[in-house]
Amino acid sequence: MALSNTATPKYYKAFRDAVIRGEIPVCETISLEMNRIDSLIENPGIYYDDMAVEGFIEFCESELTLTDGSDLVMLDSFKLWAEQVFGWYYFVERSVYVPSKNNHGGHYVNKRIKKRLTNKQYLIVARGAAKSQYVSYMQNYFLNVDTSTTHQVHTSPTMKQSEEALSPMRTAITRSKGPLFKFLTEGSINNTTGPKANRVKLASTKKGIENFLTGSICEIRPMTIDKLQGLNSRINTIDEWLSGVVREDVIGALEQGASKNDDYLIIAISSEGTVRNGPGDTIKMELMDILKGEYVNPHVSIWWYKLDNIDEVSQPDKWIKANPNIGKTVSYETYQLDVERAEKAPAARNDILAKRFGIPMEGYTYFFTYEETLKHEHRSYWQLPCALGADLSQGDDFCAFTFLFPLSRSRAFGIKAKNYITEHTVMKLPLAMRTKYEEFINEGSLIVMPGTVLNMMDVYDNLMEYIDSCEYDVRAFGYDPYNAKEFVERWEKENGPFGIEKVIQGAKTESVPLGELKKLAEDRVLYFDEEIVTYTMGNCITLEDTNGNRKLYKKRYDQKIDTVAAMMDAYIAYKVNIEAFD
């Protein structure tokens, strides 16, 4: 079949029919992508070519192998994804210079140029879906079938992880299963002076995978903007851009260089991650706008697999919504074992929900489980006695104060938080984190102070105004001594020395109160109604030594746990001065 602006893609039609029949359940994001593909079918200016993807499939199945050298049979999901890359085209009018027959002079003529529609493809799919195999086949295809000279780049959070994409390429070279690879690998790489016919045309070198016939190369680069910007790489693949602690938009850096080429391609694959509010979440916000039609960009293909609801974790027939290749590249038994582990080991729960089911959670909940971080209904503690905890250790960025109200009910505490940040710091935040901070600002738990560095006296004045307006009866004050001297001296001068407790950070001081706060959170008797408390509890990680002693661990500078640290300081001050609350 020739190009058609009315035809339905072959593999998409089979997938869509199976979805309509109810054989394949799909999540909301895949349903939205199907709507986008349907609109491409209806668009008379977009053309479908059924031969391009068939050529890709035939090349892969006849020439390539799996990582272990066994024969390759293309998965239906791979055909579906590849069809989105190779199947769609459009035409543009362009002036092309045509030299004269004698090569002296020439003239410009207007021609219709055929261009591939898809320049970027995002695959967010669960662990075990063979994502790295897919990008490996793509790199191999462009390296060996495209006769132009291409610079191809693959990047991952670690260089060793990148080998997962290049390893199948090396295996295919070693096995040389098909006629093309037999020809390309014939000869010796050591033959540099003899006839070119006796030299190898395709080989794995220390630079990467090189095709000496065309001068093309597929290489690994570190996942940092410094190493990826300014390239002229036409084919780019990015692995695990959501999973690791990546704080740079490497996809944007690669696109700036790749866009120098008309028909560049970027394929970004990843499973869902547990590190929130970085560039990955900002990109996902953009992808959701595209899927919903709020931002029209037909050059982007988005296959975002996940469960729609956490309740579907207990329904094996819904797991295919998160991993279309379950039962083929990963077994149902593997998923079932992870579900059981998530129930028994809360520390691993968030990682399993993200990696296996595409459900992103708020940070690494190693200490507090997801249920323990859920907010309670709104409460007011007007005129009630309380203990105040202060964590001022990042005076140039974030100051946290937590009020702990012992309630008349046994072993129950009310929680209120007040945090301060500079306007300078807020303006430098990435979009996703800025959106999260806006939630805190709107609920009144985060106050933005003018300037670049927090003035602790201004913070003190604002905090006292808040205490006076709520008429809180502060009877104990616990603080981390780092960066707190100026604040504590004024507190002591104006409120007296009674009830002030210095809390030195460390396992010796923190282990017991952390354990008690954990039990209170488990019993749901820490009554907090502010999103910032949920956020910081979700970020809490504890280090545990061989004796079982624990202390708070700030994994990264921007993974805020300050409110929980201040809560622990307030709890310690309360326990030391418990008679003041009788």
# chains A, B, ... in the order shown; residues from 1 in each chain; ligands from 1
>>> residues_around(residues="Ser259 in chain A", least_positions_apart="2", cutoff="12 Å", atoms="only C-alpha atoms", output="list in words")
Asn119, Lys120, Gln229, Gly230, Leu231, Asn232, Ser233, Arg234, Ile235, Asn236, Ile251, Gly252, Ala253, Leu254, Glu255, Gln256, Gly257, Asn261, Asp262, Asp263, Tyr264, Leu265 and Ile266 of chain A
>>> closest_residue(among="A:Phe498, A:Tyr420, A:Trp241, A:Phe59", to="Asn462 in chain A", atoms="only C-alpha atoms")
A:Tyr420
>>> residues_around(residues="range 380-383 of chain A", least_positions_apart="4", cutoff="7 Å", atoms="only C-alpha atoms", output="PyMOL selection string")
chain A and resi 470-473
>>> write_last_selection(atoms="N, CA and C atoms", output="PDB file, in the first residue's frame")
ATOM      1  N   CYS A 470      -3.115  32.933  67.228  1.00  0.00           N
ATOM      2  CA  CYS A 470      -3.768  31.659  67.557  1.00  0.00           C
ATOM      3  C   CYS A 470      -3.865  31.436  69.064  1.00  0.00           C
ATOM      4  N   GLU A 471      -3.171  32.313  69.833  1.00  0.00           N
ATOM      5  CA  GLU A 471      -3.149  32.227  71.299  1.00  0.00           C
ATOM      6  C   GLU A 471      -2.667  30.853  71.780  1.00  0.00           C
ATOM      7  N   TYR A 472      -1.626  30.332  71.098  1.00  0.00           N
ATOM      8  CA  TYR A 472      -1.028  29.081  71.538  1.00  0.00           C
ATOM      9  C   TYR A 472      -0.279  29.316  72.846  1.00  0.00           C
ATOM     10  N   ASP A 473      -0.350  28.350  73.746  1.00  0.00           N
ATOM     11  CA  ASP A 473       0.345  28.408  75.035  1.00  0.00           C
ATOM     12  C   ASP A 473       1.597  27.532  74.943  1.00  0.00           C
TER      13      ASP A 473
END
>>> residues_around(residues="range 484-497 of chain A", least_positions_apart="3", cutoff="9 Å", atoms="only C-alpha atoms", output="CSV table (one decimal) with C-alpha atoms, in the first residue's frame")
chain,number,residue,atom,x,y,z
A,390,ALA,CA,12.5,24.4,65.6
A,391,ASP,CA,14.8,23.2,62.8
A,392,LEU,CA,16.8,26.2,61.6
A,393,SER,CA,19.8,24.3,60.1
A,395,GLY,CA,18.9,29.4,57.4
A,456,MET,CA,16.1,35.3,61.7
A,457,MET,CA,14.7,38.3,63.6
A,459,VAL,CA,11.2,35.1,61.1
A,460,TYR,CA,11.0,35.4,64.9
A,479,TYR,CA,15.7,23.2,69.0
A,480,ASP,CA,18.6,21.9,66.9
A,481,PRO,CA,21.5,24.1,67.9
A,500,ILE,CA,14.1,25.3,76.5
>>> residues_around(residues="Asp76 in chain A", least_positions_apart="4", cutoff="10 Å", atoms="only C-alpha atoms", output="ChimeraX atom specification")
/A:11-12,14-15,80-82,324-325
>>> closest_residue(among="A:Gln139, A:Val512, A:Thr29, A:Thr8", to="Lys321 in chain A", atoms="only C-alpha atoms")
A:Thr29
>>> select_by_dssp(residues="range 322-395 of chain A", states="helix (DSSP H, G or I)", output="list in words")
Tyr332, Glu333, Thr334, Tyr335, Gln336, Leu337, Asp338, Val339, Glu340, Arg341, Ala342, Glu343, Lys344, Pro346, Ala347, Ala348, Arg349, Asn350, Asp351, Ile352, Leu353, Ala354, Lys355, Arg356, Phe357, Glu371, Glu372 and Thr373 of chain A
>>> write_last_selection(atoms="N, CA, C and O atoms", output="compact mmCIF listing (two decimals), in the first residue's frame")
# COMPACT_ATOMS: atom_id res chain seq x y z
N TYR A 332 3.71 -13.32 35.85
CA TYR A 332 2.74 -12.88 36.87
C TYR A 332 3.22 -13.26 38.26
O TYR A 332 2.95 -12.56 39.24
N GLU A 333 3.96 -14.37 38.36
CA GLU A 333 4.47 -14.81 39.66
C GLU A 333 5.42 -13.76 40.25
O GLU A 333 5.39 -13.48 41.45
N THR A 334 6.27 -13.16 39.40
CA THR A 334 7.19 -12.11 39.86
C THR A 334 6.43 -10.94 40.44
O THR A 334 6.78 -10.39 41.48
N TYR A 335 5.35 -10.54 39.74
CA TYR A 335 4.51 -9.45 40.25
C TYR A 335 3.85 -9.83 41.57
O TYR A 335 3.78 -9.02 42.50
N GLN A 336 3.35 -11.08 41.65
CA GLN A 336 2.68 -11.51 42.87
C GLN A 336 3.64 -11.50 44.06
O GLN A 336 3.27 -11.09 45.17
N LEU A 337 4.87 -11.92 43.84
CA LEU A 337 5.87 -11.90 44.92
C LEU A 337 6.14 -10.48 45.40
O LEU A 337 6.32 -10.24 46.59
N ASP A 338 6.18 -9.52 44.45
CA ASP A 338 6.40 -8.13 44.83
C ASP A 338 5.21 -7.56 45.59
O ASP A 338 5.38 -6.73 46.49
N VAL A 339 3.99 -7.95 45.21
CA VAL A 339 2.80 -7.50 45.93
C VAL A 339 2.84 -7.99 47.38
O VAL A 339 2.56 -7.24 48.32
N GLU A 340 3.22 -9.25 47.57
CA GLU A 340 3.32 -9.81 48.92
C GLU A 340 4.42 -9.11 49.71
O GLU A 340 4.26 -8.84 50.91
N ARG A 341 5.52 -8.79 49.04
CA ARG A 341 6.63 -8.10 49.72
C ARG A 341 6.20 -6.70 50.15
O ARG A 341 6.56 -6.23 51.22
N ALA A 342 5.43 -6.02 49.29
CA ALA A 342 4.97 -4.68 49.62
C ALA A 342 4.09 -4.68 50.86
O ALA A 342 4.09 -3.73 51.65
N GLU A 343 3.32 -5.75 51.04
CA GLU A 343 2.45 -5.86 52.21
C GLU A 343 3.26 -6.12 53.48
O GLU A 343 2.91 -5.64 54.56
N LYS A 344 4.33 -6.89 53.35
CA LYS A 344 5.11 -7.29 54.54
C LYS A 344 6.25 -6.33 54.86
O LYS A 344 6.70 -6.26 56.00
N PRO A 346 6.98 -2.49 54.55
CA PRO A 346 6.55 -1.13 54.19
C PRO A 346 7.66 -0.29 53.58
O PRO A 346 7.39 0.59 52.77
N ALA A 347 8.91 -0.58 53.95
CA ALA A 347 10.03 0.22 53.42
C ALA A 347 10.15 0.08 51.91
O ALA A 347 10.62 0.98 51.22
N ALA A 348 9.72 -1.08 51.38
CA ALA A 348 9.85 -1.32 49.94
C ALA A 348 8.57 -1.00 49.18
O ALA A 348 8.54 -1.09 47.96
N ARG A 349 7.53 -0.62 49.89
CA ARG A 349 6.21 -0.49 49.28
C ARG A 349 6.17 0.57 48.17
O ARG A 349 5.68 0.31 47.07
N ASN A 350 6.70 1.73 48.46
CA ASN A 350 6.62 2.81 47.46
C ASN A 350 7.42 2.48 46.21
O ASN A 350 7.00 2.78 45.10
N ASP A 351 8.58 1.86 46.38
CA ASP A 351 9.41 1.50 45.24
C ASP A 351 8.68 0.48 44.36
O ASP A 351 8.72 0.57 43.14
N ILE A 352 8.01 -0.48 44.99
CA ILE A 352 7.28 -1.51 44.23
C ILE A 352 6.08 -0.89 43.51
O ILE A 352 5.81 -1.19 42.35
N LEU A 353 5.34 -0.03 44.20
CA LEU A 353 4.19 0.62 43.57
C LEU A 353 4.61 1.44 42.36
O LEU A 353 3.93 1.48 41.33
N ALA A 354 5.76 2.11 42.46
CA ALA A 354 6.24 2.95 41.36
C ALA A 354 6.78 2.09 40.22
O ALA A 354 6.40 2.26 39.06
N LYS A 355 7.66 1.15 40.55
CA LYS A 355 8.38 0.40 39.53
C LYS A 355 7.53 -0.67 38.84
O LYS A 355 7.69 -0.93 37.65
N ARG A 356 6.66 -1.31 39.59
CA ARG A 356 5.85 -2.40 39.02
C ARG A 356 4.50 -1.94 38.50
O ARG A 356 3.97 -2.52 37.55
N PHE A 357 3.94 -0.90 39.12
CA PHE A 357 2.56 -0.53 38.79
C PHE A 357 2.41 0.91 38.30
O PHE A 357 1.30 1.35 38.02
N GLU A 371 -0.11 5.26 54.27
CA GLU A 371 -1.32 5.52 55.06
C GLU A 371 -1.03 6.44 56.24
O GLU A 371 -1.88 7.23 56.65
N GLU A 372 0.18 6.35 56.80
CA GLU A 372 0.53 7.17 57.96
C GLU A 372 0.74 8.64 57.59
O GLU A 372 0.74 9.50 58.47
N THR A 373 0.91 8.92 56.30
CA THR A 373 1.15 10.30 55.88
C THR A 373 -0.12 10.99 55.38
O THR A 373 -0.07 12.14 54.95
>>> residues_around(residues="Lys10 in chain A", least_positions_apart="6", cutoff="12 Å", atoms="only C-alpha atoms", output="JSON, numbers by chain")
{"A": [1, 16, 17, 41, 48, 49, 50, 51, 52, 53, 54, 76, 79, 80, 81, 82, 83, 84, 87]}
>>> atom_distance(atom1="CA of Asn35 in chain A", atom2="CA of Trp304 in chain A")
13.6 Å
